[in-house]
>>> print(open('final-v8.txt').read())   # compact mmCIF, C-alpha atoms
# COMPACT_ATOMS: atom_id res chain seq x y z
CA MET T 1 34.15 -28.78 5.27
CA ARG T 2 33.81 -24.99 4.75
CA PHE T 3 33.21 -25.55 1.02
CA ASP T 4 30.46 -28.08 1.77
CA CYS T 5 28.80 -25.63 4.16
CA GLU T 6 28.87 -22.87 1.55
CA ILE T 7 27.20 -25.18 -0.98
CA LYS T 8 24.51 -26.10 1.53
CA LEU T 9 23.94 -22.41 2.38
CA ALA T 10 23.65 -21.51 -1.31
CA SER T 11 21.12 -24.32 -1.76
CA VAL T 12 19.03 -23.02 1.12
CA ILE T 13 19.06 -19.46 -0.29
CA LEU T 14 18.06 -20.67 -3.77
CA PHE T 15 15.28 -22.82 -2.29
CA SER T 16 13.99 -19.78 -0.33
CA LEU T 17 13.94 -17.63 -3.45
CA VAL T 18 12.07 -20.29 -5.39
CA MET T 19 9.52 -20.67 -2.58
CA ASP T 20 9.01 -16.89 -2.40
CA SER T 21 8.46 -16.66 -6.16
CA SER T 22 5.93 -19.50 -6.06
CA ALA T 23 3.65 -17.46 -3.78
CA PHE T 24 2.36 -15.57 -6.81
CA ALA T 25 2.77 -18.38 -9.34
CA GLN T 26 -0.98 -18.75 -9.87
CA ALA T 27 -1.29 -15.08 -10.78
CA GLY T 28 1.07 -15.56 -13.73
CA SER T 29 2.53 -18.76 -15.07
CA LYS T 30 1.86 -21.82 -12.92
CA ASN T 31 5.43 -22.94 -13.55
CA GLU T 32 7.32 -19.79 -12.54
CA SER T 33 9.03 -21.61 -9.70
CA ALA T 34 10.60 -24.15 -12.09
CA LEU T 35 13.58 -22.00 -13.00
CA TYR T 36 15.09 -24.62 -15.28
CA HIS T 37 11.97 -25.34 -17.38
CA PHE T 38 11.66 -23.68 -20.79
CA GLN T 39 8.25 -22.02 -21.13
CA ASN T 40 6.66 -21.76 -24.53
CA GLY T 41 4.52 -18.74 -25.32
CA MET T 42 6.35 -16.39 -22.92
CA ASP T 43 8.08 -13.47 -24.67
CA MET T 44 9.81 -11.05 -22.26
CA ARG T 45 9.82 -7.33 -23.10
CA TRP T 46 11.16 -4.24 -21.27
CA SER T 47 9.52 -0.88 -21.85
CA SER T 48 11.92 1.98 -21.08
CA PRO T 49 12.95 5.36 -22.51
CA GLU T 50 15.53 3.45 -24.58
CA ASN T 51 12.79 1.24 -26.08
CA PRO T 52 9.24 2.50 -25.43
CA ASN T 53 6.79 -0.42 -25.16
CA GLY T 54 9.65 -2.88 -25.60
CA ALA T 55 9.29 -3.35 -29.34
CA LYS T 56 11.28 -6.30 -30.69
CA GLY T 57 14.74 -5.37 -31.95
CA ASN T 58 14.19 -1.67 -31.32
CA GLY T 59 16.18 -0.90 -28.16
CA GLY T 60 18.94 1.65 -27.64
CA LYS T 61 18.75 3.39 -31.02
CA GLU T 62 19.42 6.89 -29.72
CA ASN T 63 22.99 8.22 -30.07
CA ASN T 64 24.00 5.16 -32.08
CA GLY T 65 23.32 2.90 -29.11
CA ALA T 66 25.54 4.81 -26.67
CA LYS T 67 23.18 5.59 -23.76
CA GLY T 68 21.19 8.06 -25.82
CA ARG T 69 17.97 8.31 -23.83
CA PRO T 70 18.09 6.80 -20.33
CA TYR T 71 15.38 9.13 -19.01
CA LEU T 72 12.56 11.44 -20.06
CA THR T 73 11.57 14.81 -18.61
CA MET T 74 8.04 15.47 -17.41
CA HIS T 75 7.03 19.11 -17.27
CA PRO T 76 4.27 20.22 -14.87
CA GLY T 77 0.97 18.88 -16.20
CA ASP T 78 2.55 16.22 -18.44
CA ASN T 79 1.21 12.69 -18.67
CA LEU T 80 3.88 10.15 -19.60
CA GLU T 81 2.90 6.71 -20.92
CA MET T 82 5.47 4.19 -19.74
CA LEU T 83 3.56 1.38 -21.42
CA ASN T 84 0.78 1.33 -23.99
CA ILE T 85 0.41 -1.97 -25.83
CA ARG T 86 -2.18 -4.29 -27.27
CA GLY T 87 -2.05 -8.00 -26.73
CA MET T 88 -2.14 -10.54 -23.93
CA GLY T 89 0.44 -10.65 -21.19
CA ILE T 90 1.55 -10.07 -17.61
CA VAL T 91 3.39 -7.12 -16.09
CA HIS T 92 5.94 -8.63 -13.69
CA ARG T 93 8.07 -5.74 -12.48
CA ILE T 94 8.09 -1.94 -12.44
CA TRP T 95 11.26 -0.02 -11.60
CA ILE T 96 11.36 3.79 -11.46
CA THR T 97 13.64 6.48 -10.20
CA ILE T 98 13.06 10.20 -10.47
CA THR T 99 15.00 13.41 -9.99
CA GLN T 100 16.54 13.38 -6.50
CA GLU T 101 15.12 16.83 -5.76
CA ALA T 102 11.63 15.50 -6.57
CA GLN T 103 11.86 12.70 -4.01
CA GLU T 104 10.21 14.79 -1.32
CA PRO T 105 6.76 14.36 0.25
CA GLU T 106 4.95 16.94 -1.88
CA ALA T 107 6.35 15.57 -5.13
CA LEU T 108 5.65 11.95 -4.22
CA ARG T 109 2.03 12.88 -3.59
CA SER T 110 1.80 15.20 -6.63
CA LEU T 111 2.86 12.52 -9.11
CA SER T 112 0.10 10.00 -9.79
CA LEU T 113 0.42 6.46 -11.16
CA ASN T 114 -2.34 5.21 -13.45
CA MET T 115 -3.05 1.74 -14.90
CA PHE T 116 -5.64 0.74 -17.48
CA TRP T 117 -6.38 -2.82 -18.59
CA ASP T 118 -7.91 -4.13 -21.81
CA GLY T 119 -8.63 -0.75 -23.39
CA ASN T 120 -10.79 0.59 -20.56
CA THR T 121 -10.90 4.36 -20.16
CA LYS T 122 -11.51 4.11 -16.39
CA PRO T 123 -8.29 3.30 -14.56
CA ALA T 124 -7.99 0.23 -12.35
CA VAL T 125 -5.23 2.14 -10.54
CA SER T 126 -5.03 5.90 -10.01
CA VAL T 127 -3.01 6.66 -6.89
CA PRO T 128 -0.22 8.90 -5.58
CA PHE T 129 3.13 7.66 -6.83
CA GLY T 130 4.96 7.42 -3.51
CA ASP T 131 2.13 5.73 -1.63
CA PHE T 132 1.83 3.05 -4.31
CA PHE T 133 5.44 1.99 -3.77
CA GLY T 134 5.05 1.84 0.00
CA THR T 135 6.43 5.30 0.78
CA GLY T 136 3.89 6.15 3.45
CA LEU T 137 3.35 9.86 4.16
CA GLY T 138 5.95 10.66 1.50
CA ARG T 139 8.74 9.54 3.86
CA LYS T 140 11.23 7.36 2.01
CA THR T 141 13.09 4.56 3.69
CA VAL T 142 15.43 1.78 2.64
CA MET T 143 13.25 -1.30 2.53
CA GLU T 144 12.44 -4.58 0.81
CA ASN T 145 9.38 -6.75 1.29
CA ALA T 146 7.43 -9.30 -0.72
CA LEU T 147 5.87 -6.71 -3.06
CA PHE T 148 8.09 -3.62 -3.09
CA ALA T 149 11.68 -2.50 -2.66
CA ASN T 150 13.53 0.78 -2.22
CA PRO T 151 17.09 -0.58 -2.07
CA GLU T 152 18.99 2.58 -1.10
CA GLY T 153 16.12 4.97 -0.57
CA LYS T 154 16.52 6.28 -4.12
CA SER T 155 14.37 4.08 -6.36
CA PHE T 156 10.94 2.44 -6.48
CA ASN T 157 10.34 -1.23 -7.34
CA CYS T 158 7.10 -3.20 -7.60
CA PHE T 159 6.94 -6.98 -8.08
CA ILE T 160 3.15 -7.50 -8.19
CA PRO T 161 2.08 -9.59 -11.22
CA MET T 162 -0.59 -7.85 -13.30
CA PRO T 163 -2.20 -9.91 -16.10
CA PHE T 164 -4.04 -8.31 -19.02
CA ARG T 165 -6.03 -9.91 -21.82
CA THR T 166 -6.18 -7.42 -24.70
CA GLY T 167 -3.97 -4.51 -23.67
CA ALA T 168 -2.21 -2.53 -20.95
CA LYS T 169 -1.50 1.16 -20.38
CA ILE T 170 0.57 2.49 -17.48
CA SER T 171 1.23 6.21 -17.11
CA ILE T 172 2.47 8.85 -14.69
CA THR T 173 0.94 12.32 -14.42
CA ASN T 174 3.07 15.17 -13.12
CA ASN T 175 1.06 17.57 -10.98
CA PHE T 176 4.20 18.74 -9.21
CA LYS T 177 5.30 22.35 -9.59
CA LYS T 178 8.66 21.44 -11.16
CA ASP T 179 10.09 19.37 -14.00
CA VAL T 180 10.75 15.74 -13.07
CA ASP T 181 13.23 13.48 -14.84
CA ILE T 182 12.06 9.87 -14.85
CA TYR T 183 13.97 6.66 -15.51
CA TYR T 184 11.86 3.51 -15.74
CA ASP T 185 11.55 -0.13 -16.76
CA VAL T 186 8.18 -1.84 -17.10
CA ASP T 187 8.99 -5.53 -17.51
CA TYR T 188 6.27 -7.72 -18.99
CA THR T 189 5.78 -10.94 -20.91
CA LEU T 190 3.56 -11.42 -23.92
CA THR T 191 1.65 -14.68 -23.55
CA ASP T 192 -0.52 -16.81 -25.84
CA LYS T 193 -2.94 -18.24 -23.28
CA TRP T 194 -5.46 -16.72 -20.88
CA ASP T 195 -6.41 -18.61 -17.74
CA ALA T 196 -10.12 -18.29 -16.94
CA ASP T 197 -9.22 -17.77 -13.27
CA ASN T 198 -6.94 -14.77 -13.95
CA LEU T 199 -7.78 -11.62 -11.99
CA TYR T 200 -6.97 -8.00 -12.82
CA PHE T 201 -4.85 -5.88 -10.48
CA HIS T 202 -6.40 -2.79 -8.85
CA ALA T 203 -5.35 -0.22 -6.25
CA TYR T 204 -7.23 2.52 -4.41
CA TRP T 205 -5.90 5.41 -2.28
CA HIS T 206 -7.87 7.64 0.04
CA ARG T 207 -7.11 10.26 2.68
CA ASP T 208 -9.22 11.72 5.48
CA THR T 209 -7.44 14.64 7.12
CA ALA T 210 -9.71 14.47 10.20
CA THR T 211 -11.48 11.18 10.76
CA ILE T 212 -14.93 11.27 12.34
CA LEU T 213 -15.23 10.11 15.94
CA SER T 214 -16.42 6.47 16.15
CA LYS T 215 -16.53 6.09 12.35
CA ASP T 216 -14.11 3.51 10.95
CA PHE T 217 -11.72 4.69 8.25
CA GLU T 218 -12.38 2.90 4.94
CA ILE T 219 -9.21 1.39 3.58
CA LEU T 220 -11.25 -0.02 0.70
CA PRO T 221 -14.86 1.01 0.06
CA LYS T 222 -17.14 -1.80 -1.06
CA VAL T 223 -16.17 -3.35 -4.39
CA SER T 224 -18.35 -5.87 -6.21
CA GLY T 225 -17.19 -8.96 -8.03
CA LYS T 226 -14.99 -11.96 -7.43
CA GLY T 227 -11.45 -11.26 -6.35
CA ARG T 228 -8.66 -11.26 -3.83
CA TYR T 229 -7.75 -8.64 -1.25
CA LEU T 230 -3.97 -8.35 -1.35
CA GLY T 231 -3.20 -5.86 1.42
CA SER T 232 -2.59 -2.23 2.28
CA ASN T 233 -0.15 0.51 3.22
CA ILE T 234 -1.51 2.88 5.86
CA GLY T 235 -0.22 6.26 7.04
CA VAL T 236 -1.17 8.23 10.17
CA ASN T 237 -0.41 11.85 10.98
CA GLY T 238 -1.34 12.02 14.63
CA ASN T 239 -3.53 14.86 15.85
CA PRO T 240 -1.35 17.05 18.13
CA ALA T 241 -4.32 17.45 20.47
CA TYR T 242 -3.64 13.95 21.77
CA GLU T 243 -0.04 14.85 22.58
CA THR T 244 2.19 11.75 22.59
CA THR T 245 -0.52 9.21 23.44
CA TRP T 246 -0.85 5.90 21.60
CA PHE T 247 -2.85 6.01 18.36
CA GLY T 248 -3.08 2.35 17.45
CA GLU T 249 -5.90 0.61 19.31
CA GLY T 250 -8.07 0.37 16.20
CA GLU T 251 -9.10 -3.03 14.88
CA PHE T 252 -8.85 -4.10 11.24
CA LYS T 253 -12.17 -5.28 9.81
CA LEU T 254 -12.89 -6.98 6.47
CA TYR T 255 -16.47 -7.44 5.27
CA LYS T 256 -16.99 -9.90 2.43
CA ASP T 257 -19.65 -11.84 0.53
CA GLY T 258 -22.70 -10.14 1.97
CA ASP T 259 -21.41 -9.05 5.39
CA THR T 260 -23.33 -5.98 6.59
CA LYS T 261 -23.08 -4.79 10.19
CA TRP T 262 -20.46 -7.28 11.37
CA PRO T 263 -17.33 -8.36 9.47
CA THR T 264 -16.07 -11.87 8.91
CA LEU T 265 -12.42 -10.95 9.57
CA ASN T 266 -11.69 -8.86 12.67
CA GLY T 267 -8.31 -8.00 14.19
CA THR T 268 -7.42 -7.02 17.77
CA GLY T 269 -5.43 -3.82 17.31
CA THR T 270 -3.31 -1.90 14.84
CA GLU T 271 0.09 -3.17 15.94
CA ASP T 272 -1.32 -6.70 16.24
CA PHE T 273 -2.60 -6.43 12.67
CA ILE T 274 0.95 -5.96 11.38
CA GLY T 275 2.32 -8.81 13.45
CA THR T 276 3.89 -7.02 16.41
CA ALA T 277 2.52 -6.16 19.89
CA TRP T 278 2.41 -3.60 22.70
CA GLY T 279 3.06 -0.61 20.45
CA GLN T 280 5.07 -0.54 17.25
CA LYS T 281 8.56 0.56 16.30
CA LYS T 282 10.15 0.51 12.88
CA PHE T 283 10.60 -2.92 11.31
CA ILE T 284 10.47 -4.23 7.75
CA HIS T 285 9.54 -7.86 7.07
CA GLN T 286 8.28 -9.70 3.99
CA TYR T 287 4.56 -9.49 4.69
CA THR T 288 4.24 -6.97 7.52
CA GLY T 289 6.16 -3.92 8.64
CA CYS T 290 6.28 -0.38 9.95
CA THR T 291 8.37 1.90 7.72
CA VAL T 292 7.80 5.03 9.83
CA ALA T 293 7.55 5.00 13.63
CA ASP T 294 8.13 8.58 14.74
CA PRO T 295 6.23 9.47 17.92
CA ASP T 296 8.14 12.76 18.22
CA HIS T 297 6.52 13.94 14.99
CA LYS T 298 3.36 11.85 15.52
CA GLN T 299 3.79 9.88 12.30
CA TRP T 300 3.43 6.18 11.55
CA ALA T 301 3.34 4.26 8.28
CA PHE T 302 2.83 0.50 8.16
CA TYR T 303 1.73 -2.36 5.90
CA ARG T 304 0.39 -5.88 5.74
CA TYR T 305 0.23 -8.11 2.65
CA HIS T 306 -2.05 -11.15 2.67
CA ILE T 307 0.12 -13.52 0.66
CA VAL T 308 0.59 -16.46 3.00
CA ASP T 309 -2.94 -15.85 4.36
CA PRO T 310 -4.90 -15.29 1.11
CA ILE T 311 -8.22 -13.45 1.31
CA PHE T 312 -10.57 -14.35 -1.54
CA PHE T 313 -14.11 -13.06 -1.96
CA ASN T 314 -16.91 -14.19 -4.27
CA THR T 315 -19.31 -11.26 -4.47
CA ASP T 316 -18.00 -8.20 -2.62
CA CYS T 317 -15.37 -6.83 -0.26
CA ARG T 318 -15.06 -3.83 2.06
CA VAL T 319 -12.13 -3.06 4.41
CA THR T 320 -11.92 -0.65 7.37
CA ILE T 321 -9.82 0.14 10.43
CA GLN T 322 -11.12 1.69 13.65
CA GLN T 323 -9.86 5.08 14.79
CA LEU T 324 -9.00 4.27 18.39
CA GLY T 325 -6.23 5.31 20.73
CA GLY T 326 -5.48 5.07 24.40
CA SER T 327 -3.79 6.61 27.43
CA TRP T 328 -3.70 6.35 31.20
CA MET T 329 -6.76 7.67 32.97
CA PRO T 330 -5.47 11.06 34.24
CA GLN T 331 -4.45 12.13 30.75
CA ALA T 332 -7.70 10.86 29.23
CA GLN T 333 -9.64 12.79 31.89
CA ARG T 334 -7.70 15.92 31.03
CA PHE T 335 -8.47 15.49 27.32
CA GLN T 336 -12.16 15.14 28.00
CA GLU T 337 -12.29 18.12 30.35
CA SER T 338 -10.45 20.37 27.89
CA GLY T 339 -12.72 19.48 24.96
CA VAL T 340 -10.32 17.31 22.97
CA PRO T 341 -12.45 15.20 20.59
CA MET T 342 -12.71 11.74 22.13
CA ILE T 343 -15.27 9.12 23.15
CA PRO T 344 -14.25 6.61 25.87
CA VAL T 345 -14.59 2.95 24.89
CA THR T 346 -13.06 0.90 27.71
CA THR T 347 -11.44 1.64 31.07
CA GLY T 348 -9.64 -0.31 33.75
CA ASP T 349 -6.83 -2.86 33.75
CA ASP T 350 -6.40 -6.58 33.15
CA ALA T 351 -7.97 -7.42 36.50
CA GLU T 352 -11.00 -5.16 36.10
CA PHE T 353 -11.92 -4.16 32.56
CA ARG T 354 -15.09 -2.19 31.76
CA HIS T 355 -16.92 -1.59 28.49
CA VAL T 356 -18.15 2.01 28.66
CA TYR T 357 -18.82 2.99 25.02
CA ASN T 358 -21.93 5.05 24.44
CA HIS T 359 -21.90 7.30 21.40
CA ASP T 360 -24.92 9.38 22.44
CA ARG T 361 -23.94 9.79 26.10
CA PRO T 362 -20.16 9.39 26.49
CA LEU T 363 -19.04 8.41 29.97
CA LYS T 364 -17.62 11.15 32.17
CA LEU T 365 -14.23 9.71 33.02
CA ASP T 366 -14.08 11.24 36.50
CA THR T 367 -16.79 8.74 37.54
CA THR T 368 -14.76 5.64 36.65
CA GLN T 369 -13.32 3.23 39.14
CA LYS T 370 -9.53 3.43 38.74
CA GLU T 371 -7.53 6.61 38.82
CA ASN T 372 -4.57 5.12 36.96
CA GLY T 373 -6.37 2.57 34.77
CA TRP T 374 -5.87 2.44 31.00
CA THR T 375 -8.51 4.11 28.82
CA ASN T 376 -9.20 3.36 25.17
CA PHE T 377 -11.07 6.05 23.25
CA TYR T 378 -12.16 7.01 19.77
CA ARG T 379 -10.01 9.80 18.36
CA SER T 380 -9.66 11.84 15.16
CA ASP T 381 -6.43 11.78 13.13
CA ASP T 382 -5.19 12.40 9.60
CA VAL T 383 -5.23 8.95 7.97
CA SER T 384 -4.41 7.78 4.45
CA ALA T 385 -4.24 4.30 2.96
CA ILE T 386 -3.72 2.48 -0.28
CA ALA T 387 -5.45 -0.87 -0.82
CA TYR T 388 -4.17 -3.46 -3.31
CA PHE T 389 -6.60 -6.04 -4.65
CA TYR T 390 -7.55 -8.18 -7.64
CA LEU T 391 -10.93 -8.33 -9.39
CA ASP T 392 -12.41 -10.50 -12.12
CA LYS T 393 -12.93 -7.39 -14.25
CA PRO T 394 -10.47 -4.74 -15.53
CA PHE T 395 -12.32 -1.77 -14.01
CA ASN T 396 -13.97 -0.82 -10.72
CA GLU T 397 -16.62 1.61 -9.53
CA LEU T 398 -14.53 3.34 -6.86
CA PRO T 399 -14.28 7.16 -6.63
CA PRO T 400 -11.56 8.91 -8.65
CA LEU T 401 -8.27 10.01 -7.15
CA GLN T 402 -8.78 12.85 -4.70
CA PRO T 403 -7.69 16.36 -5.79
CA LEU T 404 -4.11 17.49 -5.37
CA SER T 405 -5.16 19.91 -2.63
CA ILE T 406 -6.18 16.98 -0.42
CA ARG T 407 -3.19 14.82 -1.35
CA ILE T 408 -0.62 17.44 -0.32
CA TYR T 409 -2.56 19.26 2.42
CA ALA T 410 -0.38 19.95 5.49
CA LEU T 411 2.27 17.43 4.50
CA ARG T 412 4.98 17.27 7.11
CA ALA T 413 8.69 17.43 6.41
CA ASP T 414 10.56 14.30 5.34
CA HIS T 415 12.34 13.87 8.68
CA LYS T 416 15.64 12.06 8.34
>>> encode(input="final-v8.txt", output="structure tokens")
Amino acid sequence: MRFDCEIKLASVILFSLVMDSSAFAQAGSKNESALYHFQNGMDMRWSSPENPNGAKGNGGKENNGAKGRPYLTMHPGDNLEMLNIRGMGIVHRIWITITQEAQEPEALRSLSLNMFWDGNTKPAVSVPFGDFFGTGLGRKTVMENALFANPEGKSFNCFIPMPFRTGAKISITNNFKKDVDIYYDVDYTLTDKWDADNLYFHAYWHRDTATILSKDFEILPKVSGKGRYLGSNIGVNGNPAYETTWFGEGEFKLYKDGDTKWPTLNGTGTEDFIGTAWGQKKFIHQYTGCTVADPDHKQWAFYRYHIVDPIFFNTDCRVTIQQLGGSWMPQAQRFQESGVPMIPVTTGDDAEFRHVYNHDRPLKLDTTQKENGWTNFYRSDDVSAIAYFYLDKPFNELPPLQPLSIRIYALRADHK
């Protein structure tokens, strides 16, 4: 009986893995979930220091094949090409680890990851290394979700499929102040067919160290073309002026296909957006999670990936999140009286809820009806986010990666 149960359990696990892999099947081969089917025209290659670009029959030559070059050293200012090939194919997996001493917030923001498709000189991806792999605010954590994994808090894995038609280049630039040793595998297949519906992978990172009151933070500025919005990792360094009050009342908004003032997709609050409720603590699930929940240090990092709820757009896409927080009325009154930047939005409780937002003439909170009612208000924090998306072209018109001074400005310690 125990043996039969173990067989049934193994079958369930295998079925789950197959179902998970099929979620992205259309982005690569439409038969990826059929593990037992031979696929013609699919030639797997691994690009690593032991075989740059994964050339056929060319791996492990250093030191007569005895682990001669497992890593490369990047000096400050170096740009290392982990992959630079011509041809048609799909990148399936990227694995990287770097010098342990370099796995700190400043280094993870100082290294940048760059991706170019089909010979374009403008990158489709140019983002801080740590943020790309889901290390929000440079704070590592052991995690695994549908797109990324950091198995023991020491390595960086990405499982996003990235098709290319005529070529692919993936590089890392070292703007850190020290040498960095890098071990890597870029796993890709060469293919002989291009699906007309294939989309190119893109990513965009942006930071605003002090968001503007009542102005939504742009996770993804407007992009034009046909594509799919895949999701985001967002990091918040809370403004100490708001003490330990709740930061996450802001609503996620996605504008697509001609939306102007009002979005088509609109959430109800930050913690609701990532699938939890009434505040958020640390949790890591396949499609949503919060990798950092540290109210003592006023830091949060969280993600949502739209895999089971795909978001396609035909002409354009823009994504934002409101900068709203909340507290009980006495504390909100004290903030307003002491000049803390805030604009009240709503006051009251479930029984008596008032809309009080007026940008030009903010409500004086001492005139409201309930001394102990809850107050939501616009606030200003240090927010950063990386957006992942696909487009029907290998380049985008988004701004370049922000300077190093902005990326590493006032980074907080990697609290353990």
>>> residues_around(input="final-v8.txt", residues="Gly167 of chain T", least_positions_apart="6", cutoff="8 Å", atoms="only C-alpha atoms", output="PyMOL selection string")
chain T and resi 84-89+117-119
>>> write_last_selection(input="final-v8.txt", atoms="C-alpha atoms", output="PDB file, keeping the file's coordinate frame")
ATOM      1  CA  ASN T  84       0.780   1.330 -23.990  1.00  0.00           C
ATOM      2  CA  ILE T  85       0.410  -1.970 -25.830  1.00  0.00           C
ATOM      3  CA  ARG T  86      -2.180  -4.290 -27.270  1.00  0.00           C
ATOM      4  CA  GLY T  87      -2.050  -8.000 -26.730  1.00  0.00           C
ATOM      5  CA  MET T  88      -2.140 -10.540 -23.930  1.00  0.00           C
ATOM      6  CA  GLY T  89       0.440 -10.650 -21.190  1.00  0.00           C
ATOM      7  CA  TRP T 117      -6.380  -2.820 -18.590  1.00  0.00           C
ATOM      8  CA  ASP T 118      -7.910  -4.130 -21.810  1.00  0.00           C
ATOM      9  CA  GLY T 119      -8.630  -0.750 -23.390  1.00  0.00           C
TER      10      GLY T 119
END
>>> residues_around(input="final-v8.txt", residues="Tyr303 of chain T", least_positions_apart="2", cutoff="7 Å", atoms="all atoms listed in the file", output="number ranges by chain")
T: 232-234, 274, 288-290, 305
>>> write_last_selection(input="final-v8.txt", atoms="C-alpha atoms", output="PDB file, keeping the file's coordinate frame")
ATOM      1  CA  SER T 232      -2.590  -2.230   2.280  1.00  0.00           C
ATOM      2  CA  ASN T 233      -0.150   0.510   3.220  1.00  0.00           C
ATOM      3  CA  ILE T 234      -1.510   2.880   5.860  1.00  0.00           C
ATOM      4  CA  ILE T 274       0.950  -5.960  11.380  1.00  0.00           C
ATOM      5  CA  THR T 288       4.240  -6.970   7.520  1.00  0.00           C
ATOM      6  CA  GLY T 289       6.160  -3.920   8.640  1.00  0.00           C
ATOM      7  CA  CYS T 290       6.280  -0.380   9.950  1.00  0.00           C
ATOM      8  CA  TYR T 305       0.230  -8.110   2.650  1.00  0.00           C
TER       9      TYR T 305
END
>>> atom_distance(input="final-v8.txt", atom1="atom CA of Asp296 of chain T", atom2="atom CA of Phe156 of chain T")
26.9 Å
>>> closest_residue(input="final-v8.txt", among="T:Asn145, T:Asn237, T:Thr191, T:Thr99", to="Met44 of chain T", atoms="all atoms listed in the file")
T:Thr191
>>> atom_distance(input="final-v8.txt", atom1="atom CA of Pro52 of chain T", atom2="atom CA of Pro128 of chain T")
22.9 Å
>>> residues_around(input="final-v8.txt", residues="Leu213 of chain T", least_positions_apart="2", cutoff="6 Å", atoms="only C-alpha atoms", output="list in words")
Lys215, Tyr378, Arg379 and Ser380 of chain T
>>> atom_distance(input="final-v8.txt", atom1="atom CA of Pro344 of chain T", atom2="atom CA of Asn376 of chain T")
6.0 Å
>>> residues_around(input="final-v8.txt", residues="segment 313-317 of chain T", least_positions_apart="4", cutoff="12 Å", atoms="all atoms listed in the file", output="mmCIF file with C-alpha atoms, keeping the file's coordinate frame")
data_model
loop_
_atom_site.group_PDB
_atom_site.id
_atom_site.type_symbol
_atom_site.label_atom_id
_atom_site.label_comp_id
_atom_site.auth_asym_id
_atom_site.auth_seq_id
_atom_site.Cartn_x
_atom_site.Cartn_y
_atom_site.Cartn_z
ATOM 1 C CA LEU T 199 -7.780 -11.620 -11.990
ATOM 2 C CA GLU T 218 -12.380 2.900 4.940
ATOM 3 C CA ILE T 219 -9.210 1.390 3.580
ATOM 4 C CA LEU T 220 -11.250 -0.020 0.700
ATOM 5 C CA PRO T 221 -14.860 1.010 0.060
ATOM 6 C CA LYS T 222 -17.140 -1.800 -1.060
ATOM 7 C CA VAL T 223 -16.170 -3.350 -4.390
ATOM 8 C CA SER T 224 -18.350 -5.870 -6.210
ATOM 9 C CA GLY T 225 -17.190 -8.960 -8.030
ATOM 10 C CA LYS T 226 -14.990 -11.960 -7.430
ATOM 11 C CA GLY T 227 -11.450 -11.260 -6.350
ATOM 12 C CA ARG T 228 -8.660 -11.260 -3.830
ATOM 13 C CA TYR T 229 -7.750 -8.640 -1.250
ATOM 14 C CA LEU T 230 -3.970 -8.350 -1.350
ATOM 15 C CA LYS T 253 -12.170 -5.280 9.810
ATOM 16 C CA LEU T 254 -12.890 -6.980 6.470
ATOM 17 C CA TYR T 255 -16.470 -7.440 5.270
ATOM 18 C CA LYS T 256 -16.990 -9.900 2.430
ATOM 19 C CA ASP T 257 -19.650 -11.840 0.530
ATOM 20 C CA GLY T 258 -22.700 -10.140 1.970
ATOM 21 C CA ASP T 259 -21.410 -9.050 5.390
ATOM 22 C CA THR T 260 -23.330 -5.980 6.590
ATOM 23 C CA PRO T 263 -17.330 -8.360 9.470
ATOM 24 C CA THR T 264 -16.070 -11.870 8.910
ATOM 25 C CA LEU T 265 -12.420 -10.950 9.570
ATOM 26 C CA ALA T 387 -5.450 -0.870 -0.820
ATOM 27 C CA PHE T 389 -6.600 -6.040 -4.650
ATOM 28 C CA TYR T 390 -7.550 -8.180 -7.640
ATOM 29 C CA LEU T 391 -10.930 -8.330 -9.390
ATOM 30 C CA ASP T 392 -12.410 -10.500 -12.120
ATOM 31 C CA ASN T 396 -13.970 -0.820 -10.720
#
>>> residues_around(input="final-v8.txt", residues="Ala149 of chain T", least_positions_apart="5", cutoff="9 Å", atoms="only C-alpha atoms", output="list in words")
Phe133, Gly134, Val142, Met143, Glu144, Ser155, Phe156, Asn157, Cys158 and Phe159 of chain T
>>> axis_aligned_box(input="final-v8.txt", around="segment 238-248 of chain T", padding_each_side="5 Å", output="JSON")
{"center_x": -1.1, "center_y": 9.9, "center_z": 19.0, "size_x": 16.5, "size_y": 25.1, "size_z": 18.8}
>>> closest_atom_pairs(input="final-v8.txt", of="segment 163-257 of chain T", to="segment 120-126 of chain T", cutoff="10 Å", atoms="all atoms listed in the file", output="CSV")
residue,atom,partner,partner_atom,distance
T:Gly167,CA,T:Asn120,CA,9.1
T:Ala168,CA,T:Asn120,CA,9.1
T:Lys169,CA,T:Pro123,CA,9.2
T:Ile170,CA,T:Val125,CA,9.1
T:Ser171,CA,T:Ser126,CA,9.5
T:Ile172,CA,T:Ser126,CA,9.3
T:Thr173,CA,T:Ser126,CA,9.8
T:Tyr200,CA,T:Ala124,CA,8.3
T:Phe201,CA,T:Ala124,CA,7.1
T:His202,CA,T:Ala124,CA,4.9
T:Ala203,CA,T:Val125,CA,4.9
T:Tyr204,CA,T:Val125,CA,6.5
T:Trp205,CA,T:Ser126,CA,7.8
>>> residues_near_point(input="final-v8.txt", point="(2.8, 11.0, -7.7)", cutoff="10 Å", atoms="only C-alpha atoms", output="MDAnalysis selection string")
chainID T and resid 102:103 105:114 126:132 138 172:176 404 407
>>> closest_residue(input="final-v8.txt", among="T:Tyr188, T:Trp328, T:Trp300, T:Phe164", to="Asp382 of chain T", atoms="only C-alpha atoms")
T:Trp300
>>> closest_residue(input="final-v8.txt", among="T:Leu35, T:Ala332, T:Ile386, T:Ala210", to="Leu401 of chain T", atoms="only C-alpha atoms")
T:Ile386
>>> closest_residue(input="final-v8.txt", among="T:Thr291, T:Gln39, T:Asn64, T:Ser327", to="Asn150 of chain T", atoms="all atoms listed in the file")
T:Thr291
